[in-house]
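A quick write-up on the structure given underneath.
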Amino acid sequence: MEPAEVKEDLPPPPPEIPPNLVPLQVGQEHIPESTKKTSKPKHVPMHRRGTGSKGQKISVLTNHFKVGITNTGGHFFHYSVSLFYEDGRSVDGNGKGIGRKIIDQMHETYDSELGKKDFAYDGEKSLFTVGALPRNKLEFTVVLDTVSSKRGNFEPRANGNGSPGGNGSPNESDKKRLRRAPQSKTFKVEISFAAKIPIQAIASALRGQESENTQEALRVLDIILRQHAAKQGCLLVRQSFFHDNPRSFTDLGGGVLGCRGFHSSFRTTQAGLSLNMDGSTTMIVQPGPLVDFVISNQNVRDPFQVDWTKAKRTLKNLRIMVKPSNTEYRITGLSENSCKEQMFSLKSRGAKDGNDDAQTVDLTVFDYFVNYRHIELRYSADLPCINVGKPKRPTYFPIELCSLVSLQRYTKALTVHQRSLLVEKSRQKPQEKIKILTDAMRSNNYDADPMLLSCGISIHSNFTQVEGRVLTAPRLKAGNGEDVIPRNGRWSFNNKVLCILYSVFNLKVSCSNLNSVVQKFVEPTKIGDWVVVNFSARCDVFNLCRDLAKIGETKGIYIDRPVHVFEESPQSRLAPPPVRVEKMFEQMRPKFPDGPPHFILCLLPDRKNSDIYGPWKRKNLVDFGIFNQCLAPTRVNEQYLMNVLLKINAKLGGLNSLLSVEPSRSIPVVSDNPTMIFGMDVSHGSPGRSNVPSIAAVVSSRHWPLISRYRASVRSQSPKVEMIDSLFKPGLGNQDTGIIRELLYDFYTSSGKRKPTQIIIFRDGVSESQFNQVLNVELDQIIEACKFLDENWSPKFTVIVAQKNHHTKFFPAGSPDNVPPGTVIDSQVCHPHNNDFYMCAHGGMIGTTRPTHYHVLFDEVGFSADDLQELIHSLSYVYQRSATAISIVAPVRYAHLAATMISEFMKFDDMSETSSSHGGLTSVGGAPVHEIPALHEKVCSSMFFC
């Protein structure tokens, strides 16, 4: 909607400024004083101003278990722990995994010297007690009989220069000598006082008087839970615990198992201290014979087809148990030669202990185990050996004697199939989850833990009951001026019901008559000058285009016949993905000498996540500015094509639906003044690609007073950096090349030359420990970007963090179903004083609904609790890719989509030099390899991410 009158026209930008980065107002040729570094008061998360009242009240259960605490006058004493071998070497690195065994043995051996104190050990360098130990500095010598002596098992070991060399034969004298190796069983423990933490800090936080000791005290309680799980032999992943129980394992293929466990952590809430208990899932390697894992991981038939170079990277640092001694080792690598060729030197049997002149014999690892150890080896002769030694002193075992120990995390990237299977197998219905968590609380028996008892901690075993409210779904506007009322968080553009009715009554109506009674898109587009590109060998393109056009016509989208259909040649299908994409464009060039088509429908050979997807999107969006839609034609039906049309219409500038209050300017607060909405997210490399740049994306609303249209701006930054560092980037020529300037100008030009007086920021992907950085780094950058454009312009800001990665769940009391869509909880289980609430905007159709946890960090705009909650609820209904409410506000989801799509560009950067441009299709841009290329000007303002 364009405003009737424009009152704040700004002078045009100077010609030397790029048109896509034009300031709202040209200032002086120096950096304004407001942008210079000055000492500013630090922002802190705001306190809650009140709770909401709108909506129908509902009673819900939550997986928070009330905690009582009686010892509020005591103190946690923090001690620093250092572990050493007897020869003075630090255990760090060399002795990974035995820290808890050493400390447990110390506790058992020196109980009286420790004042008979129970303690909590974090497995690394910190130990906590309730009350002080007898002295501030203590030293102990600890002997671990259970630590295996690697040398005592007579493994083939090469000497220091890598040539075959000396280890002894298995006689009694050698066994006795090797068993006395000091670094294998004797350790020195040093304990030093570090700090004193009042337990009272927890009680103070519950009264809204949180101090710097509060988080430390809660951390101690969480460490107690970790120690409790460690004593049960669990795998520990932060505050999640996984038992070695085959019933909790799910085969994901590729030698990877999904392992179900539990998350436990203490939380301070309005109702007091609570224990948050939830299900959790991680990935582990398949335990058992090592060769079975490698075969499954590489999807080959036998070990002789394995790529052992790749296997070496996968196996490094995994723990194995070696037969027949059943001794545990950690894999350091593989032998360079096969088992029957890898040589080492063995001392003669007659050599005496300590005799340096003893004779040696050179033999292979295979001969040693077969002829000296009399162990049958069926298939190891032609395979590499497993190395468990040091780089300069390798120690080898035949692969068939090695088995992988259970509960070892798999940290490599999952395939698309593995990830989808993990999600599917991790789902639990609400009642199933309640039963599992209730059983876990009973079996954990936290009330018997000695450390919790000494803290005066007691934990209730029942779910906490809280009061929620169900907000009314917003009314939507569709085509033909019709209002749409969502039910259970869903509405439909599908014509199936109408088709059934016409079929039952044998009614014959023309397409135009049918169109007059079905629901159309509110702003449909027209698709002309388009082509089909087919990478799939099993697709009926003609019928697909016909069905797409028929369904599109009922929605108001008129689709011409495609200008051309380009089929991939069979010879190209084995080429790398970038090459396949380039060859397809070579086919297209002769047909379009005057420029590329406006739109391309791309049929992928597999699902969307095929390897072609990234190079294809990059070629279209960066080089040529072509709007395009990918689909996998394996399961095409009416609903699938309907979803495809939703995406196409949004990408081409249309709108599928919008809130009925948008055009009428009836949104409280937002419609009163020009308001801009940001969604911000950062996408990081997958576990297998952790060194690739992170991708920061910010989407912004446009065409105020609408809040259903968005565009995105994307930048790269250092790997694994969560804070966005390119929001404000002043440089040469008094130019700001940051993200915010670009988006502010887009809002200004698309909203009738109005500058936003209110800016609402939704930030995704940050934890509570990063809230202050959001307020004092990112918000400051955005304010600086505004001041840089106009020193006299001071929009009001509201900053909200949206978290999905948490463990609070809600269940309607007395019902087996999920909570209804629109459920909001802002009392009892929320923060004691900060402004936060939980919202389940969507209808949970599968599994248990995960609410979004919203934290209002900053609010200059002055929203009431009801107005802000209803705005957030409404923003879950403006997502153009579906006809359902989504679990998080649309701008955040869009930011995630934009960052993820651009990250797909990076996957084949090492092959990008294969691309070129010739003939009538002219390439634009050409960013350096490994840098994110700029989107073509034809598509940069579109919803290309839909």
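Quick note on naming: the chains in the structure tokens go A, B, ... in the order shown, residues restart at 1 in each chain, and ligands are numbered from 1 in order of appearance.
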
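Residue neighbourhood of stretch 49-53 of chain A, excluding near-sequence residues (fewer than 2 positions): His47, Gly55, Arg469, Asp826, Ser827, Asn835, Ser864, Ala865, Asp866 and Gln869 of chain A, at 8 Å, using only C-alpha atoms.
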
With N, CA and C atoms retained, write the just-selected residues as a PDB file, in the first residue's frame.
ATOM      1  N   HIS A  47      13.598  -6.372  32.349  1.00  0.00           N
ATOM      2  CA  HIS A  47      12.735  -7.142  33.240  1.00  0.00           C
ATOM      3  C   HIS A  47      11.315  -7.200  32.671  1.00  0.00           C
ATOM      4  N   GLY A  55      -6.857 -14.539  25.411  1.00  0.00           N
ATOM      5  CA  GLY A  55      -6.889 -15.943  25.070  1.00  0.00           C
ATOM      6  C   GLY A  55      -7.656 -16.765  26.080  1.00  0.00           C
ATOM      7  N   ARG A 469      -2.534 -19.936  27.987  1.00  0.00           N
ATOM      8  CA  ARG A 469      -3.654 -19.298  27.290  1.00  0.00           C
ATOM      9  C   ARG A 469      -3.565 -19.645  25.808  1.00  0.00           C
ATOM     10  N   ASP A 826       3.445 -17.620  29.924  1.00  0.00           N
ATOM     11  CA  ASP A 826       4.361 -16.557  30.347  1.00  0.00           C
ATOM     12  C   ASP A 826       4.432 -16.451  31.869  1.00  0.00           C
ATOM     13  N   SER A 827       4.145 -17.536  32.571  1.00  0.00           N
ATOM     14  CA  SER A 827       4.210 -17.515  34.040  1.00  0.00           C
ATOM     15  C   SER A 827       4.712 -18.857  34.544  1.00  0.00           C
ATOM     16  N   ASN A 835      12.093 -10.834  30.789  1.00  0.00           N
ATOM     17  CA  ASN A 835      10.861 -10.788  30.007  1.00  0.00           C
ATOM     18  C   ASN A 835      10.891 -11.894  28.944  1.00  0.00           C
ATOM     19  N   SER A 864       2.759  -3.763  24.974  1.00  0.00           N
ATOM     20  CA  SER A 864       2.174  -4.486  26.104  1.00  0.00           C
ATOM     21  C   SER A 864       2.412  -5.968  25.870  1.00  0.00           C
ATOM     22  N   ALA A 865       2.303  -6.777  26.924  1.00  0.00           N
ATOM     23  CA  ALA A 865       2.520  -8.215  26.789  1.00  0.00           C
ATOM     24  C   ALA A 865       1.551  -8.808  25.775  1.00  0.00           C
ATOM     25  N   ASP A 866       0.277  -8.406  25.821  1.00  0.00           N
ATOM     26  CA  ASP A 866      -0.723  -8.946  24.897  1.00  0.00           C
ATOM     27  C   ASP A 866      -0.424  -8.554  23.453  1.00  0.00           C
ATOM     28  N   GLN A 869       2.660 -10.504  22.148  1.00  0.00           N
ATOM     29  CA  GLN A 869       2.376 -11.925  21.942  1.00  0.00           C
ATOM     30  C   GLN A 869       1.458 -12.145  20.737  1.00  0.00           C
TER      31      GLN A 869
END

Quick one: DSSP strand (DSSP E or B) residues in stretch 812-943 of chain A, as a VMD selection string? chain A and resid 812 823 to 825 834 836 to 840 852 to 859 884

Please produce a file of those selected residues containing N, CA and C atoms, as a compact mmCIF listing (two decimals), in the first residue's frame.
# COMPACT_ATOMS: atom_id res chain seq x y z
N PRO A 812 -1.23 -30.83 27.37
CA PRO A 812 -2.52 -30.44 27.96
C PRO A 812 -2.94 -31.42 29.04
N THR A 823 -1.03 -21.65 21.83
CA THR A 823 -0.82 -21.73 23.28
C THR A 823 0.40 -20.89 23.68
N VAL A 824 0.21 -20.04 24.68
CA VAL A 824 1.30 -19.21 25.19
C VAL A 824 1.37 -19.37 26.70
N ILE A 825 2.59 -19.47 27.22
CA ILE A 825 2.83 -19.60 28.66
C ILE A 825 3.85 -18.53 29.05
N ASN A 834 13.30 -11.81 34.08
CA ASN A 834 13.48 -11.36 32.70
C ASN A 834 12.19 -11.54 31.90
N ASP A 836 10.36 -13.07 29.27
CA ASP A 836 10.35 -14.19 28.34
C ASP A 836 9.01 -14.90 28.40
N PHE A 837 8.72 -15.67 27.37
CA PHE A 837 7.52 -16.51 27.34
C PHE A 837 7.70 -17.61 26.30
N TYR A 838 6.88 -18.64 26.42
CA TYR A 838 6.88 -19.75 25.46
C TYR A 838 5.62 -19.66 24.61
N MET A 839 5.76 -20.02 23.32
CA MET A 839 4.59 -20.02 22.45
C MET A 839 4.63 -21.24 21.53
N CYS A 840 3.50 -21.94 21.45
CA CYS A 840 3.28 -23.01 20.48
C CYS A 840 2.29 -22.47 19.46
N THR A 852 8.46 -22.41 20.95
CA THR A 852 9.55 -21.45 20.78
C THR A 852 9.63 -20.60 22.04
N HIS A 853 10.84 -20.41 22.52
CA HIS A 853 11.08 -19.62 23.74
C HIS A 853 11.52 -18.23 23.30
N TYR A 854 10.67 -17.25 23.52
CA TYR A 854 10.96 -15.86 23.12
C TYR A 854 11.46 -15.08 24.33
N HIS A 855 12.59 -14.38 24.14
CA HIS A 855 13.17 -13.53 25.17
C HIS A 855 13.14 -12.09 24.67
N VAL A 856 12.39 -11.24 25.32
CA VAL A 856 12.34 -9.82 24.95
C VAL A 856 13.47 -9.12 25.70
N LEU A 857 14.56 -8.82 24.98
CA LEU A 857 15.74 -8.26 25.63
C LEU A 857 15.67 -6.74 25.78
N PHE A 858 14.94 -6.10 24.87
CA PHE A 858 14.99 -4.64 24.80
C PHE A 858 13.70 -4.17 24.14
N ASP A 859 13.06 -3.14 24.69
CA ASP A 859 11.80 -2.68 24.10
C ASP A 859 11.62 -1.19 24.33
N THR A 884 0.05 -23.33 6.64
CA THR A 884 -0.05 -23.67 8.05
C THR A 884 0.70 -22.62 8.86

Using only C-alpha atoms, which residues sit within 12 Å of stretch 132-144 of chain A once same-chain residues fewer than 5 positions away are excluded, as an MDAnalysis selection string? chainID A and resid 74:88 98:119 127 149 179:197

Members of stretch 190-232 of chain A assigned alpha helix (DSSP H) by DSSP, as a ChimeraX atom specification: /A:200-206,212-230

Could you take the residues named above and write them with N, CA and C atoms, as a PDB file, in the first residue's frame?
ATOM      1  N   GLN A 200      23.265 -19.764  48.851  1.00  0.00           N
ATOM      2  CA  GLN A 200      22.238 -18.743  48.988  1.00  0.00           C
ATOM      3  C   GLN A 200      21.983 -18.004  47.671  1.00  0.00           C
ATOM      4  N   ALA A 201      22.980 -17.997  46.753  1.00  0.00           N
ATOM      5  CA  ALA A 201      22.840 -17.290  45.475  1.00  0.00           C
ATOM      6  C   ALA A 201      21.670 -17.837  44.663  1.00  0.00           C
ATOM      7  N   ILE A 202      21.371 -19.140  44.829  1.00  0.00           N
ATOM      8  CA  ILE A 202      20.234 -19.728  44.101  1.00  0.00           C
ATOM      9  C   ILE A 202      18.930 -19.168  44.643  1.00  0.00           C
ATOM     10  N   ALA A 203      18.807 -19.141  45.972  1.00  0.00           N
ATOM     11  CA  ALA A 203      17.586 -18.612  46.584  1.00  0.00           C
ATOM     12  C   ALA A 203      17.413 -17.136  46.265  1.00  0.00           C
ATOM     13  N   SER A 204      18.522 -16.380  46.212  1.00  0.00           N
ATOM     14  CA  SER A 204      18.431 -14.956  45.882  1.00  0.00           C
ATOM     15  C   SER A 204      17.928 -14.755  44.462  1.00  0.00           C
ATOM     16  N   ALA A 205      18.394 -15.618  43.539  1.00  0.00           N
ATOM     17  CA  ALA A 205      17.947 -15.496  42.138  1.00  0.00           C
ATOM     18  C   ALA A 205      16.462 -15.725  42.029  1.00  0.00           C
ATOM     19  N   LEU A 206      15.932 -16.622  42.818  1.00  0.00           N
ATOM     20  CA  LEU A 206      14.497 -16.898  42.786  1.00  0.00           C
ATOM     21  C   LEU A 206      13.688 -15.698  43.260  1.00  0.00           C
ATOM     22  N   GLU A 212      26.381 -12.693  40.223  1.00  0.00           N
ATOM     23  CA  GLU A 212      27.317 -13.451  39.391  1.00  0.00           C
ATOM     24  C   GLU A 212      27.569 -14.840  39.956  1.00  0.00           C
ATOM     25  N   ASN A 213      27.224 -15.059  41.222  1.00  0.00           N
ATOM     26  CA  ASN A 213      27.387 -16.385  41.813  1.00  0.00           C
ATOM     27  C   ASN A 213      26.260 -17.343  41.435  1.00  0.00           C
ATOM     28  N   THR A 214      25.143 -16.803  40.946  1.00  0.00           N
ATOM     29  CA  THR A 214      23.978 -17.645  40.680  1.00  0.00           C
ATOM     30  C   THR A 214      24.281 -18.703  39.632  1.00  0.00           C
ATOM     31  N   GLN A 215      24.821 -18.277  38.477  1.00  0.00           N
ATOM     32  CA  GLN A 215      25.107 -19.230  37.415  1.00  0.00           C
ATOM     33  C   GLN A 215      26.173 -20.241  37.840  1.00  0.00           C
ATOM     34  N   GLU A 216      27.133 -19.802  38.652  1.00  0.00           N
ATOM     35  CA  GLU A 216      28.134 -20.740  39.144  1.00  0.00           C
ATOM     36  C   GLU A 216      27.511 -21.793  40.054  1.00  0.00           C
ATOM     37  N   ALA A 217      26.590 -21.376  40.912  1.00  0.00           N
ATOM     38  CA  ALA A 217      25.931 -22.320  41.811  1.00  0.00           C
ATOM     39  C   ALA A 217      25.084 -23.325  41.021  1.00  0.00           C
ATOM     40  N   LEU A 218      24.367 -22.826  40.008  1.00  0.00           N
ATOM     41  CA  LEU A 218      23.576 -23.737  39.169  1.00  0.00           C
ATOM     42  C   LEU A 218      24.487 -24.675  38.377  1.00  0.00           C
ATOM     43  N   ARG A 219      25.640 -24.164  37.981  1.00  0.00           N
ATOM     44  CA  ARG A 219      26.596 -25.017  37.260  1.00  0.00           C
ATOM     45  C   ARG A 219      27.053 -26.170  38.145  1.00  0.00           C
ATOM     46  N   VAL A 220      27.255 -25.905  39.419  1.00  0.00           N
ATOM     47  CA  VAL A 220      27.656 -26.974  40.347  1.00  0.00           C
ATOM     48  C   VAL A 220      26.572 -28.043  40.408  1.00  0.00           C
ATOM     49  N   LEU A 221      25.314 -27.610  40.494  1.00  0.00           N
ATOM     50  CA  LEU A 221      24.217 -28.582  40.542  1.00  0.00           C
ATOM     51  C   LEU A 221      24.177 -29.416  39.263  1.00  0.00           C
ATOM     52  N   ASP A 222      24.413 -28.783  38.109  1.00  0.00           N
ATOM     53  CA  ASP A 222      24.430 -29.535  36.854  1.00  0.00           C
ATOM     54  C   ASP A 222      25.598 -30.511  36.804  1.00  0.00           C
ATOM     55  N   ILE A 223      26.750 -30.138  37.373  1.00  0.00           N
ATOM     56  CA  ILE A 223      27.904 -31.045  37.425  1.00  0.00           C
ATOM     57  C   ILE A 223      27.590 -32.248  38.303  1.00  0.00           C
ATOM     58  N   ILE A 224      26.814 -32.024  39.358  1.00  0.00           N
ATOM     59  CA  ILE A 224      26.397 -33.148  40.204  1.00  0.00           C
ATOM     60  C   ILE A 224      25.570 -34.139  39.377  1.00  0.00           C
ATOM     61  N   LEU A 225      24.674 -33.634  38.525  1.00  0.00           N
ATOM     62  CA  LEU A 225      23.884 -34.523  37.662  1.00  0.00           C
ATOM     63  C   LEU A 225      24.783 -35.274  36.686  1.00  0.00           C
ATOM     64  N   ARG A 226      25.791 -34.592  36.135  1.00  0.00           N
ATOM     65  CA  ARG A 226      26.719 -35.257  35.206  1.00  0.00           C
ATOM     66  C   ARG A 226      27.483 -36.374  35.913  1.00  0.00           C
ATOM     67  N   GLN A 227      27.934 -36.097  37.132  1.00  0.00           N
ATOM     68  CA  GLN A 227      28.664 -37.128  37.867  1.00  0.00           C
ATOM     69  C   GLN A 227      27.755 -38.307  38.194  1.00  0.00           C
ATOM     70  N   HIS A 228      26.495 -38.002  38.536  1.00  0.00           N
ATOM     71  CA  HIS A 228      25.520 -39.051  38.826  1.00  0.00           C
ATOM     72  C   HIS A 228      25.377 -39.980  37.613  1.00  0.00           C
ATOM     73  N   ALA A 229      25.320 -39.388  36.407  1.00  0.00           N
ATOM     74  CA  ALA A 229      25.183 -40.192  35.192  1.00  0.00           C
ATOM     75  C   ALA A 229      26.482 -40.924  34.867  1.00  0.00           C
ATOM     76  N   ALA A 230      27.633 -40.270  35.110  1.00  0.00           N
ATOM     77  CA  ALA A 230      28.919 -40.908  34.811  1.00  0.00           C
ATOM     78  C   ALA A 230      29.113 -42.176  35.633  1.00  0.00           C
TER      79      ALA A 230
END

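Of the listed residues (A:Leu471, A:Ile724, A:Ile677, A:Val636), A:Ile677 comes nearest to A:Ile761; the distances count only C-alpha atoms.
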
Per residue of stretch 634-673 of chain A within 12 Å of stretch 698-713 of chain A, note the shortest atom pair and the distance in Å to one decimal, counting only C-alpha atoms, and order the rows by chain and increasing residue number, as CSV.
residue,atom,partner,partner_atom,distance
A:Ala650,CA,A:Arg709,CA,8.9
A:Lys651,CA,A:Arg711,CA,10.3
A:Leu652,CA,A:Arg709,CA,11.9
A:Gly653,CA,A:Arg709,CA,8.9
A:Gly654,CA,A:Arg709,CA,9.2
A:Leu655,CA,A:Arg709,CA,7.9
A:Asn656,CA,A:Ser708,CA,9.6
A:Ser657,CA,A:Ser708,CA,8.4
A:Leu658,CA,A:Ser708,CA,6.2
A:Leu659,CA,A:Ser708,CA,7.9
A:Ser660,CA,A:Leu706,CA,10.2
A:Val661,CA,A:Leu706,CA,9.1
A:Glu662,CA,A:Leu706,CA,5.4
A:Pro663,CA,A:Leu706,CA,6.8
A:Ser664,CA,A:Pro705,CA,8.8
A:Arg665,CA,A:Pro705,CA,6.5
A:Ser666,CA,A:Pro705,CA,9.5
A:Ile667,CA,A:Pro705,CA,9.0
A:Pro668,CA,A:Pro705,CA,11.6
A:Val669,CA,A:Pro705,CA,11.2
A:Val670,CA,A:Pro705,CA,7.8
A:Ser671,CA,A:Pro705,CA,6.0
A:Asp672,CA,A:Pro705,CA,9.0
A:Asn673,CA,A:Pro705,CA,8.6

Could the residues in this selection be saved with C-alpha atoms as a short mmCIF file (atom, residue, chain, number, x, y, z; two decimals), in the first residue's frame?
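selection.cif written:
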data_model
loop_
_atom_site.label_atom_id
_atom_site.label_comp_id
_atom_site.auth_asym_id
_atom_site.auth_seq_id
_atom_site.Cartn_x
_atom_site.Cartn_y
_atom_site.Cartn_z
CA ALA A 650 6.20 -15.86 -3.63
CA LYS A 651 9.50 -15.89 -5.55
CA LEU A 652 7.98 -14.10 -8.53
CA GLY A 653 6.64 -11.27 -6.37
CA GLY A 654 3.14 -12.50 -5.59
CA LEU A 655 1.46 -13.07 -2.24
CA ASN A 656 -0.41 -16.24 -1.36
CA SER A 657 -2.21 -14.86 1.67
CA LEU A 658 -1.77 -12.10 4.22
CA LEU A 659 -3.26 -10.99 7.49
CA SER A 660 -6.59 -9.27 6.99
CA VAL A 661 -5.38 -6.51 9.34
CA GLU A 662 -2.40 -5.62 7.14
CA PRO A 663 -4.10 -3.64 4.34
CA SER A 664 -6.56 -2.12 6.79
CA ARG A 665 -3.70 -0.94 9.02
CA SER A 666 -5.22 -2.50 12.13
CA ILE A 667 -2.15 -4.13 13.71
CA PRO A 668 -1.66 -2.58 17.15
CA VAL A 669 1.55 -0.51 17.42
CA VAL A 670 2.94 -1.74 14.08
CA SER A 671 0.35 -0.06 11.86
CA ASP A 672 0.46 3.22 13.78
CA ASN A 673 3.97 4.18 12.62
#

Pick the closest to A:Pro821 from A:Gln56, A:Gln781, A:Thr282, A:Thr438: which is it, counting only C-alpha atoms? A:Gln56

Separation of atom CA of A:Ala575 from atom CA of A:Asp307 in Å: 20.6 Å

Go through A:Glu722, A:Lys392, A:Ser406, A:Asn776 one by one, measure the shortest atom-to-atom distance of each to A:His43 using only C-alpha atoms, and give the residue with the smallest value. A:Asn776

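The space separating atom CA of A:Ile375 from atom CA of A:Tyr329 comes to 19.4 Å.
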
Near A:Arg635, counting only C-alpha atoms, which residues have an atom at most 12 Å away, once you skip same-chain residues fewer than 4 positions from it, shown as a ChimeraX atom specification? /A:538-539,544,606-607,631,639-641

Using C-alpha atoms, can you write the selected residues to a file as a PDB file, in the first residue's frame?
ATOM      1  CA  ARG A 538      12.083 -40.810 -14.956  1.00  0.00           C
ATOM      2  CA  CYS A 539       9.738 -37.868 -15.296  1.00  0.00           C
ATOM      3  CA  LEU A 544       3.703 -32.458 -14.998  1.00  0.00           C
ATOM      4  CA  ASP A 606      16.635 -36.991  -6.387  1.00  0.00           C
ATOM      5  CA  ARG A 607      15.122 -35.016  -3.592  1.00  0.00           C
ATOM      6  CA  LEU A 631      11.277 -30.060  -7.478  1.00  0.00           C
ATOM      7  CA  GLN A 639      -0.822 -31.318  -2.704  1.00  0.00           C
ATOM      8  CA  TYR A 640       2.809 -31.459  -3.794  1.00  0.00           C
ATOM      9  CA  LEU A 641       2.146 -29.254  -6.819  1.00  0.00           C
TER      10      LEU A 641
END

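Taking atom CA of A:Gly272 as the reference point, atom CA of A:Val67 is found at 7.5 Å.
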
May I have the residues within 7 Å of A:Asp362 as a PyMOL selection string, using only C-alpha atoms and disregarding those fewer than 4 positions away in the same chain? chain A and resi 164+343-346

As number ranges by chain, please: the residues near A:Leu257 (cut-off 12 Å, only C-alpha atoms, same-chain neighbours under 6 positions excluded). A: 244-251, 281-287, 293, 296-297, 406-411, 414, 418-419, 421-422, 425-426
